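To be precise, the following lines are work_29.pdb, and they hold PDB, C-alpha atoms, pLDDT in the B column.
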MODEL        1
ATOM      1  CA  MET D  23     -14.204 -29.958 -30.547  1.00 44.00           C
ATOM      2  CA  THR D  24     -11.979 -31.859 -28.146  1.00 47.00           C
ATOM      3  CA  LYS D  25      -8.841 -30.329 -29.657  1.00 47.00           C
ATOM      4  CA  ALA D  26     -10.332 -26.852 -29.283  1.00 39.00           C
ATOM      5  CA  ALA D  27     -11.231 -27.501 -25.642  1.00 36.00           C
ATOM      6  CA  LEU D  28      -7.752 -28.871 -25.010  1.00 37.00           C
ATOM      7  CA  ALA D  29      -6.165 -25.812 -26.651  1.00 37.00           C
ATOM      8  CA  ILE D  30      -8.310 -23.455 -24.574  1.00 39.00           C
ATOM      9  CA  GLY D  31      -7.405 -25.410 -21.433  1.00 38.00           C
ATOM     10  CA  ILE D  32      -3.702 -25.142 -22.195  1.00 43.00           C
ATOM     11  CA  VAL D  33      -3.984 -21.402 -22.832  1.00 36.00           C
ATOM     12  CA  TRP D  34      -5.974 -20.970 -19.599  1.00 37.00           C
ATOM     13  CA  LEU D  35      -3.357 -22.881 -17.603  1.00 42.00           C
ATOM     14  CA  GLY D  36      -0.677 -20.682 -19.116  1.00 42.00           C
ATOM     15  CA  LEU D  37      -2.542 -17.532 -18.067  1.00 36.00           C
ATOM     16  CA  ALA D  38      -3.423 -18.727 -14.570  1.00 37.00           C
ATOM     17  CA  PRO D  39      -0.075 -17.787 -12.955  1.00 39.00           C
ATOM     18  CA  ALA D  40      -0.205 -14.314 -14.512  1.00 39.00           C
ATOM     19  CA  LEU D  41      -3.756 -13.794 -13.297  1.00 39.00           C
ATOM     20  CA  ALA D  42      -2.883 -15.062  -9.818  1.00 40.00           C
ATOM     21  CA  ALA D  43       0.055 -12.643  -9.650  1.00 45.00           C
ATOM     22  CA  GLU D  44      -2.312  -9.688 -10.019  1.00 58.00           C
ATOM     23  CA  SER D  45      -2.896  -8.411  -6.498  1.00 88.00           C
ATOM     24  CA  SER D  46      -5.739  -6.192  -5.456  1.00 95.00           C
ATOM     25  CA  PRO D  47      -5.005  -2.775  -3.925  1.00 97.00           C
ATOM     26  CA  GLU D  48      -6.151  -4.118  -0.550  1.00 96.00           C
ATOM     27  CA  THR D  49      -3.737  -7.071  -0.781  1.00 96.00           C
ATOM     28  CA  VAL D  50      -0.862  -4.703  -1.591  1.00 97.00           C
ATOM     29  CA  VAL D  51      -1.558  -2.565   1.491  1.00 96.00           C
ATOM     30  CA  LYS D  52      -1.888  -5.660   3.694  1.00 94.00           C
ATOM     31  CA  LYS D  53       1.530  -6.749   2.431  1.00 94.00           C
ATOM     32  CA  LEU D  54       2.936  -3.394   3.574  1.00 94.00           C
ATOM     33  CA  TYR D  55       1.575  -4.008   7.092  1.00 92.00           C
ATOM     34  CA  ALA D  56       3.228  -7.435   7.149  1.00 89.00           C
ATOM     35  CA  GLU D  57       6.670  -5.939   6.525  1.00 88.00           C
ATOM     36  CA  PRO D  58       8.849  -5.161   9.549  1.00 83.00           C
ATOM     37  CA  HIS D  59      10.068  -1.762   8.360  1.00 80.00           C
ATOM     38  CA  PRO D  60       8.061   0.621   6.182  1.00 84.00           C
ATOM     39  CA  LYS D  61      10.970   2.594   4.687  1.00 90.00           C
ATOM     40  CA  ARG D  62      11.785   0.098   1.910  1.00 91.00           C
ATOM     41  CA  SER D  63       9.132  -1.936   0.175  1.00 94.00           C
ATOM     42  CA  THR D  64       8.388  -3.543  -3.153  1.00 94.00           C
ATOM     43  CA  VAL D  65       4.836  -2.163  -2.902  1.00 96.00           C
ATOM     44  CA  TYR D  66       5.921   1.487  -3.301  1.00 97.00           C
ATOM     45  CA  THR D  67       5.989   3.302  -6.620  1.00 98.00           C
ATOM     46  CA  LYS D  68       9.432   4.241  -7.878  1.00 98.00           C
ATOM     47  CA  ARG D  69       8.690   7.875  -6.972  1.00 98.00           C
ATOM     48  CA  LEU D  70       7.677   7.094  -3.381  1.00 98.00           C
ATOM     49  CA  GLN D  71      10.610   4.728  -2.820  1.00 97.00           C
ATOM     50  CA  GLY D  72      12.868   7.491  -4.158  1.00 97.00           C
ATOM     51  CA  LEU D  73      11.470   9.873  -1.523  1.00 97.00           C
ATOM     52  CA  PHE D  74      12.128   7.292   1.213  1.00 96.00           C
ATOM     53  CA  ASP D  75      15.684   6.767  -0.073  1.00 96.00           C
ATOM     54  CA  ALA D  76      16.380  10.520  -0.156  1.00 95.00           C
ATOM     55  CA  ASP D  77      14.985  10.906   3.369  1.00 94.00           C
ATOM     56  CA  ALA D  78      17.189   8.058   4.630  1.00 92.00           C
ATOM     57  CA  LYS D  79      20.310   9.864   3.364  1.00 92.00           C
ATOM     58  CA  GLN D  80      19.613  12.857   5.593  1.00 88.00           C
ATOM     59  CA  ALA D  81      21.259  12.986   9.017  1.00 80.00           C
ATOM     60  CA  ASN D  82      18.007  13.038  11.000  1.00 86.00           C
ATOM     61  CA  GLY D  83      15.456  12.310   8.282  1.00 88.00           C
ATOM     62  CA  ASN D  84      12.004  13.840   8.148  1.00 92.00           C
ATOM     63  CA  LEU D  85       9.965  10.708   8.875  1.00 91.00           C
ATOM     64  CA  ASP D  86      10.401   9.925  12.557  1.00 88.00           C
ATOM     65  CA  PHE D  87       7.366   7.695  13.194  1.00 87.00           C
ATOM     66  CA  ASP D  88       5.763   4.555  11.753  1.00 89.00           C
ATOM     67  CA  TYR D  89       3.185   6.172   9.516  1.00 92.00           C
ATOM     68  CA  ARG D  90       1.288   2.887   9.005  1.00 92.00           C
ATOM     69  CA  LEU D  91      -0.235   3.242  12.484  1.00 86.00           C
ATOM     70  CA  ASN D  92      -0.027   7.020  12.728  1.00 83.00           C
ATOM     71  CA  GLY D  93       2.857   6.757  15.201  1.00 80.00           C
ATOM     72  CA  GLU D  94       1.576   3.875  17.313  1.00 79.00           C
ATOM     73  CA  PRO D  95       3.981   0.948  17.743  1.00 76.00           C
ATOM     74  CA  MET D  96       3.447  -2.123  15.563  1.00 78.00           C
ATOM     75  CA  LYS D  97       2.716  -5.225  17.628  1.00 80.00           C
ATOM     76  CA  PRO D  98       2.353  -8.850  16.455  1.00 78.00           C
ATOM     77  CA  ASP D  99      -1.468  -8.780  16.593  1.00 79.00           C
ATOM     78  CA  THR D 100      -1.897  -5.230  15.283  1.00 79.00           C
ATOM     79  CA  VAL D 101      -3.002  -6.247  11.791  1.00 80.00           C
ATOM     80  CA  LYS D 102      -5.823  -8.367  13.233  1.00 86.00           C
ATOM     81  CA  ALA D 103      -7.231  -5.212  14.828  1.00 87.00           C
ATOM     82  CA  LEU D 104      -7.383  -3.312  11.521  1.00 92.00           C
ATOM     83  CA  THR D 105      -9.997  -3.025   8.796  1.00 92.00           C
ATOM     84  CA  PHE D 106      -9.052  -2.489   5.154  1.00 94.00           C
ATOM     85  CA  LYS D 107     -11.577  -0.832   2.823  1.00 94.00           C
ATOM     86  CA  GLU D 108     -10.827  -0.572  -0.870  1.00 93.00           C
ATOM     87  CA  ALA D 109     -12.315   2.022  -3.216  1.00 90.00           C
ATOM     88  CA  THR D 110     -11.379   1.844  -6.891  1.00 83.00           C
ATOM     89  CA  GLU D 111     -11.128   5.169  -8.681  1.00 79.00           C
ATOM     90  CA  GLY D 112     -10.781   3.936 -12.231  1.00 83.00           C
ATOM     91  CA  LYS D 113      -8.784   1.180 -13.842  1.00 88.00           C
ATOM     92  CA  ASP D 114      -5.407   2.624 -12.793  1.00 94.00           C
ATOM     93  CA  GLN D 115      -6.125   4.324  -9.438  1.00 96.00           C
ATOM     94  CA  ALA D 116      -7.460   3.110  -6.112  1.00 97.00           C
ATOM     95  CA  LYS D 117      -7.593   4.030  -2.441  1.00 97.00           C
ATOM     96  CA  VAL D 118      -7.432   1.768   0.582  1.00 97.00           C
ATOM     97  CA  THR D 119      -8.485   3.098   3.973  1.00 95.00           C
ATOM     98  CA  VAL D 120      -7.034   1.394   7.045  1.00 95.00           C
ATOM     99  CA  GLN D 121      -8.369   1.908  10.552  1.00 91.00           C
ATOM    100  CA  ARG D 122      -8.810   0.068  13.807  1.00 84.00           C
ATOM    101  CA  LYS D 123     -11.868  -2.167  13.965  1.00 78.00           C
ATOM    102  CA  GLY D 124     -14.712  -0.228  15.460  1.00 66.00           C
ATOM    103  CA  GLY D 125     -12.764   3.004  15.009  1.00 65.00           C
ATOM    104  CA  ASN D 126     -14.448   6.268  14.181  1.00 62.00           C
ATOM    105  CA  GLY D 127     -11.937   7.245  11.492  1.00 59.00           C
ATOM    106  CA  ALA D 128      -9.965   9.533  13.805  1.00 65.00           C
ATOM    107  CA  GLN D 129      -6.838   7.437  13.240  1.00 78.00           C
ATOM    108  CA  ALA D 130      -7.501   6.282   9.671  1.00 91.00           C
ATOM    109  CA  ILE D 131      -4.733   6.119   7.064  1.00 94.00           C
ATOM    110  CA  VAL D 132      -5.700   6.408   3.395  1.00 96.00           C
ATOM    111  CA  TYR D 133      -3.365   4.879   0.818  1.00 97.00           C
ATOM    112  CA  ASP D 134      -3.316   6.087  -2.786  1.00 98.00           C
ATOM    113  CA  LEU D 135      -2.425   3.343  -5.257  1.00 98.00           C
ATOM    114  CA  VAL D 136      -1.646   3.419  -8.959  1.00 97.00           C
ATOM    115  CA  ARG D 137      -0.772   0.804 -11.516  1.00 97.00           C
ATOM    116  CA  GLU D 138       2.957   0.693 -12.191  1.00 97.00           C
ATOM    117  CA  ASP D 139       4.986  -2.018 -13.902  1.00 94.00           C
ATOM    118  CA  GLY D 140       1.901  -4.175 -14.322  1.00 94.00           C
ATOM    119  CA  GLY D 141       0.717  -4.152 -10.698  1.00 96.00           C
ATOM    120  CA  TRP D 142      -0.710  -2.000  -7.941  1.00 97.00           C
ATOM    121  CA  LYS D 143       1.777   0.178  -6.053  1.00 97.00           C
ATOM    122  CA  VAL D 144       1.376   2.596  -3.134  1.00 98.00           C
ATOM    123  CA  SER D 145       1.992   6.124  -4.435  1.00 98.00           C
ATOM    124  CA  ASP D 146       1.250   8.073  -1.240  1.00 98.00           C
ATOM    125  CA  ALA D 147      -0.543   7.918   2.103  1.00 97.00           C
ATOM    126  CA  HIS D 148      -2.246  10.425   4.323  1.00 96.00           C
ATOM    127  CA  ALA D 149      -3.896  10.457   7.714  1.00 93.00           C
ATOM    128  CA  ILE D 150      -7.379  11.746   8.225  1.00 89.00           C
ATOM    129  CA  GLY D 151      -8.957  12.697  11.500  1.00 79.00           C
ATOM    130  CA  ASP D 152      -7.196  14.145  14.537  1.00 78.00           C
ATOM    131  CA  ARG D 153      -3.585  14.010  13.315  1.00 82.00           C
ATOM    132  CA  LYS D 154      -3.481  14.945   9.620  1.00 89.00           C
ATOM    133  CA  TRP D 155      -0.397  14.524   7.433  1.00 94.00           C
ATOM    134  CA  GLN D 156       0.649  13.458   3.937  1.00 96.00           C
ATOM    135  CA  LEU D 157       3.524  10.997   3.627  1.00 97.00           C
ATOM    136  CA  SER D 158       5.133  12.516   0.530  1.00 97.00           C
ATOM    137  CA  SER D 159       5.104  15.993   2.119  1.00 96.00           C
ATOM    138  CA  ILE D 160       6.820  14.677   5.241  1.00 95.00           C
ATOM    139  CA  LEU D 161       9.463  12.846   3.205  1.00 96.00           C
ATOM    140  CA  LYS D 162      10.170  16.010   1.191  1.00 94.00           C
ATOM    141  CA  GLY D 163      10.558  18.030   4.405  1.00 92.00           C
ATOM    142  CA  GLU D 164       7.505  20.163   3.629  1.00 89.00           C
ATOM    143  CA  ALA D 165       5.622  19.155   6.777  1.00 73.00           C
ATOM    144  CA  LYS D 166       6.284  17.490  10.097  1.00 52.00           C
TER     145      LYS D 166
ENDMDL
END
Target encoding structure tokens, full file:
Amino acid sequence: MTKAALAIGIVWLGLAPALAAESSPETVVKKLYAEPHPKRSTVYTKRLQGLFDADAKQANGNLDFDYRLNGEPMKPDTVKALTFKEATEGKDQAKVTVQRKGGNGAQAIVYDLVREDGGWKVSDAHAIGDRKWQLSSILKGEAK
């Protein structure tokens, strides 16, 4: 019995780092808000990062505002004033809604996440409320 418990303990310790590496969709979006520039990130899917890269190669680019705050400037305490609400849509899809604390949703940003390469990645974002847009459409030049 002791050998079995020891073996299970060793296996559990071996799995612990892998389990700890698994981030929730909310954690992934919070990481995006901690980054200084939203045009390159390890939290984007390959497809979305490809759209950012293609947009960056254009002379004037299509994305001319910080979409994370719907155009408002990022300040050091900005993240403290935000709420993050996660909604899972199956084992491989999730949404995280970000808005100012006490906000009415007029400036909310909704992030679509999918599982890619073993973790959660942001696949797109869109604003709901007064100023509506979809990130991928902007990056493709389909909307401003």
Please list as a PDB file with C-alpha atoms, in the frame of the given file every residue within 8 Å of range 44-59 of chain D, counting all atoms listed in the file and excluding residues in the same chain fewer than 2 positions away.
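Dumped everything to around.pdb:
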ATOM      1  CA  ALA D  40      -0.205 -14.314 -14.512  1.00 39.00           C
ATOM      2  CA  LEU D  41      -3.756 -13.794 -13.297  1.00 39.00           C
ATOM      3  CA  ALA D  42      -2.883 -15.062  -9.818  1.00 40.00           C
ATOM      4  CA  LYS D  61      10.970   2.594   4.687  1.00 90.00           C
ATOM      5  CA  ARG D  62      11.785   0.098   1.910  1.00 91.00           C
ATOM      6  CA  SER D  63       9.132  -1.936   0.175  1.00 94.00           C
ATOM      7  CA  VAL D  65       4.836  -2.163  -2.902  1.00 96.00           C
ATOM      8  CA  ARG D  90       1.288   2.887   9.005  1.00 92.00           C
ATOM      9  CA  VAL D 101      -3.002  -6.247  11.791  1.00 80.00           C
ATOM     10  CA  PHE D 106      -9.052  -2.489   5.154  1.00 94.00           C
ATOM     11  CA  LYS D 107     -11.577  -0.832   2.823  1.00 94.00           C
ATOM     12  CA  GLU D 108     -10.827  -0.572  -0.870  1.00 93.00           C
ATOM     13  CA  ALA D 116      -7.460   3.110  -6.112  1.00 97.00           C
ATOM     14  CA  LYS D 117      -7.593   4.030  -2.441  1.00 97.00           C
ATOM     15  CA  VAL D 118      -7.432   1.768   0.582  1.00 97.00           C
ATOM     16  CA  TYR D 133      -3.365   4.879   0.818  1.00 97.00           C
ATOM     17  CA  LEU D 135      -2.425   3.343  -5.257  1.00 98.00           C
ATOM     18  CA  GLY D 141       0.717  -4.152 -10.698  1.00 96.00           C
ATOM     19  CA  TRP D 142      -0.710  -2.000  -7.941  1.00 97.00           C
ATOM     20  CA  LYS D 143       1.777   0.178  -6.053  1.00 97.00           C
ATOM     21  CA  VAL D 144       1.376   2.596  -3.134  1.00 98.00           C
TER      22      VAL D 144
END
Exercise for the section: Provide the CA of Ala109 in chain D to CA of Val136 in chain D distance in Å, to one decimal place. Expected result: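 Separating CA of Ala109 in chain D from CA of Val136 in chain D is a distance of 12.2 Å.
Across the chains present, the PyMOL selection byres ((chain D and resi 68) around 10) applied to this file returns Thr64, Val65, Tyr66, Thr67, Arg69, Leu70, Gln71, Gly72, Leu73, Phe74, Glu138, Asp139, Lys143, Val144 and Ser145 of chain D.
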Problem - For Ile150 in chain D, the nearest of the candidates D:Thr105, D:Lys113, D:Lys162, D:Asn92, counting all atoms listed in the file - result: D:Asn92
Handout entry: Length of the CA of Ala149 in chain D to CA of Arg122 in chain D vector [Å]
Key = 13.0 Å
Problem - Atom pair CA of Pro95 in chain D / CA of Thr110 in chain D: separation (Å) - result: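 That distance, rounded to one decimal, is 29.0 Å.
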Problem - Residue nearest Glu111 in chain D among D:Arg137, D:Phe87, D:Ala147, D:Glu164 (counting only C-alpha atoms) - result: D:Arg137
Excluding Lys123 in chain D and any residue of its chain fewer than 3 positions from it, enumerate the residues within 9 Å of it, using all atoms listed in the file, and give them as an mmCIF file with C-alpha atoms, keeping the file's coordinate frame.
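For reference, out_9.cif as written:
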data_model
loop_
_atom_site.group_PDB
_atom_site.id
_atom_site.type_symbol
_atom_site.label_atom_id
_atom_site.label_comp_id
_atom_site.auth_asym_id
_atom_site.auth_seq_id
_atom_site.Cartn_x
_atom_site.Cartn_y
_atom_site.Cartn_z
ATOM 1 C CA LYS D 102 -5.823 -8.367 13.233
ATOM 2 C CA ALA D 103 -7.231 -5.212 14.828
ATOM 3 C CA LEU D 104 -7.383 -3.312 11.521
ATOM 4 C CA THR D 105 -9.997 -3.025 8.796
ATOM 5 C CA ASN D 126 -14.448 6.268 14.181
#
Handout entry: the PyMOL selection byres ((chain D and resi 160) around 12) resolved against shown file, as a count of residues only
Key = 27
As a PDB file, in the frame of the given file, could you write out range 60-85 of chain D once it has been completed with N, CA and C atoms?
ATOM      1  N   PRO D  60       8.775   0.018   7.304  1.00 84.00           N
ATOM      2  CA  PRO D  60       8.061   0.621   6.182  1.00 84.00           C
ATOM      3  C   PRO D  60       8.895   1.534   5.277  1.00 84.00           C
ATOM      4  N   LYS D  61      10.199   1.640   5.491  1.00 90.00           N
ATOM      5  CA  LYS D  61      10.970   2.594   4.687  1.00 90.00           C
ATOM      6  C   LYS D  61      11.477   2.021   3.366  1.00 90.00           C
ATOM      7  N   ARG D  62      11.410   0.717   3.180  1.00 91.00           N
ATOM      8  CA  ARG D  62      11.785   0.098   1.910  1.00 91.00           C
ATOM      9  C   ARG D  62      10.779  -1.003   1.646  1.00 91.00           C
ATOM     10  N   SER D  63      10.145  -0.932   0.483  1.00 94.00           N
ATOM     11  CA  SER D  63       9.132  -1.936   0.175  1.00 94.00           C
ATOM     12  C   SER D  63       8.974  -2.090  -1.326  1.00 94.00           C
ATOM     13  N   THR D  64       8.667  -3.284  -1.743  1.00 94.00           N
ATOM     14  CA  THR D  64       8.388  -3.543  -3.153  1.00 94.00           C
ATOM     15  C   THR D  64       7.000  -3.050  -3.546  1.00 94.00           C
ATOM     16  N   VAL D  65       6.182  -2.635  -2.580  1.00 96.00           N
ATOM     17  CA  VAL D  65       4.836  -2.163  -2.902  1.00 96.00           C
ATOM     18  C   VAL D  65       4.784  -0.665  -3.177  1.00 96.00           C
ATOM     19  N   TYR D  66       5.894   0.050  -3.021  1.00 97.00           N
ATOM     20  CA  TYR D  66       5.921   1.487  -3.301  1.00 97.00           C
ATOM     21  C   TYR D  66       6.174   1.747  -4.782  1.00 97.00           C
ATOM     22  N   THR D  67       5.637   2.861  -5.277  1.00 98.00           N
ATOM     23  CA  THR D  67       5.989   3.302  -6.620  1.00 98.00           C
ATOM     24  C   THR D  67       7.457   3.718  -6.609  1.00 98.00           C
ATOM     25  N   LYS D  68       8.039   3.803  -7.776  1.00 98.00           N
ATOM     26  CA  LYS D  68       9.432   4.241  -7.878  1.00 98.00           C
ATOM     27  C   LYS D  68       9.595   5.627  -7.272  1.00 98.00           C
ATOM     28  N   ARG D  69       8.641   6.520  -7.505  1.00 98.00           N
ATOM     29  CA  ARG D  69       8.690   7.875  -6.972  1.00 98.00           C
ATOM     30  C   ARG D  69       8.687   7.869  -5.447  1.00 98.00           C
ATOM     31  N   LEU D  70       7.768   7.111  -4.839  1.00 98.00           N
ATOM     32  CA  LEU D  70       7.677   7.094  -3.381  1.00 98.00           C
ATOM     33  C   LEU D  70       8.909   6.442  -2.766  1.00 98.00           C
ATOM     34  N   GLN D  71       9.403   5.354  -3.350  1.00 97.00           N
ATOM     35  CA  GLN D  71      10.610   4.728  -2.820  1.00 97.00           C
ATOM     36  C   GLN D  71      11.785   5.692  -2.935  1.00 97.00           C
ATOM     37  N   GLY D  72      11.828   6.480  -3.999  1.00 97.00           N
ATOM     38  CA  GLY D  72      12.868   7.491  -4.158  1.00 97.00           C
ATOM     39  C   GLY D  72      12.819   8.531  -3.050  1.00 97.00           C
ATOM     40  N   LEU D  73      11.614   8.923  -2.634  1.00 97.00           N
ATOM     41  CA  LEU D  73      11.470   9.873  -1.523  1.00 97.00           C
ATOM     42  C   LEU D  73      11.954   9.252  -0.216  1.00 97.00           C
ATOM     43  N   PHE D  74      11.634   7.986   0.015  1.00 96.00           N
ATOM     44  CA  PHE D  74      12.128   7.292   1.213  1.00 96.00           C
ATOM     45  C   PHE D  74      13.654   7.219   1.198  1.00 96.00           C
ATOM     46  N   ASP D  75      14.231   6.881   0.042  1.00 96.00           N
ATOM     47  CA  ASP D  75      15.684   6.767  -0.073  1.00 96.00           C
ATOM     48  C   ASP D  75      16.363   8.105   0.188  1.00 96.00           C
ATOM     49  N   ALA D  76      15.805   9.185  -0.368  1.00 95.00           N
ATOM     50  CA  ALA D  76      16.380  10.520  -0.156  1.00 95.00           C
ATOM     51  C   ALA D  76      16.278  10.918   1.314  1.00 95.00           C
ATOM     52  N   ASP D  77      15.162  10.586   1.947  1.00 94.00           N
ATOM     53  CA  ASP D  77      14.985  10.906   3.369  1.00 94.00           C
ATOM     54  C   ASP D  77      15.988  10.134   4.226  1.00 94.00           C
ATOM     55  N   ALA D  78      16.260   8.894   3.863  1.00 92.00           N
ATOM     56  CA  ALA D  78      17.189   8.058   4.630  1.00 92.00           C
ATOM     57  C   ALA D  78      18.619   8.590   4.572  1.00 92.00           C
ATOM     58  N   LYS D  79      18.952   9.317   3.518  1.00 92.00           N
ATOM     59  CA  LYS D  79      20.310   9.864   3.364  1.00 92.00           C
ATOM     60  C   LYS D  79      20.544  11.100   4.233  1.00 92.00           C
ATOM     61  N   GLN D  80      19.477  11.683   4.734  1.00 88.00           N
ATOM     62  CA  GLN D  80      19.613  12.857   5.593  1.00 88.00           C
ATOM     63  C   GLN D  80      20.028  12.430   6.996  1.00 88.00           C
ATOM     64  N   ALA D  81      20.745  13.303   7.677  1.00 80.00           N
ATOM     65  CA  ALA D  81      21.259  12.986   9.017  1.00 80.00           C
ATOM     66  C   ALA D  81      20.140  12.571   9.976  1.00 80.00           C
ATOM     67  N   ASN D  82      19.092  13.347  10.063  1.00 86.00           N
ATOM     68  CA  ASN D  82      18.007  13.038  11.000  1.00 86.00           C
ATOM     69  C   ASN D  82      16.726  12.584  10.311  1.00 86.00           C
ATOM     70  N   GLY D  83      16.648  12.723   9.018  1.00 88.00           N
ATOM     71  CA  GLY D  83      15.456  12.310   8.282  1.00 88.00           C
ATOM     72  C   GLY D  83      14.213  13.070   8.715  1.00 88.00           C
ATOM     73  N   ASN D  84      13.249  13.128   7.850  1.00 92.00           N
ATOM     74  CA  ASN D  84      12.004  13.840   8.148  1.00 92.00           C
ATOM     75  C   ASN D  84      10.932  12.929   8.733  1.00 92.00           C
ATOM     76  N   LEU D  85      10.973  11.651   8.386  1.00 91.00           N
ATOM     77  CA  LEU D  85       9.965  10.708   8.875  1.00 91.00           C
ATOM     78  C   LEU D  85      10.487  10.062  10.147  1.00 91.00           C
TER      79      LEU D  85
END
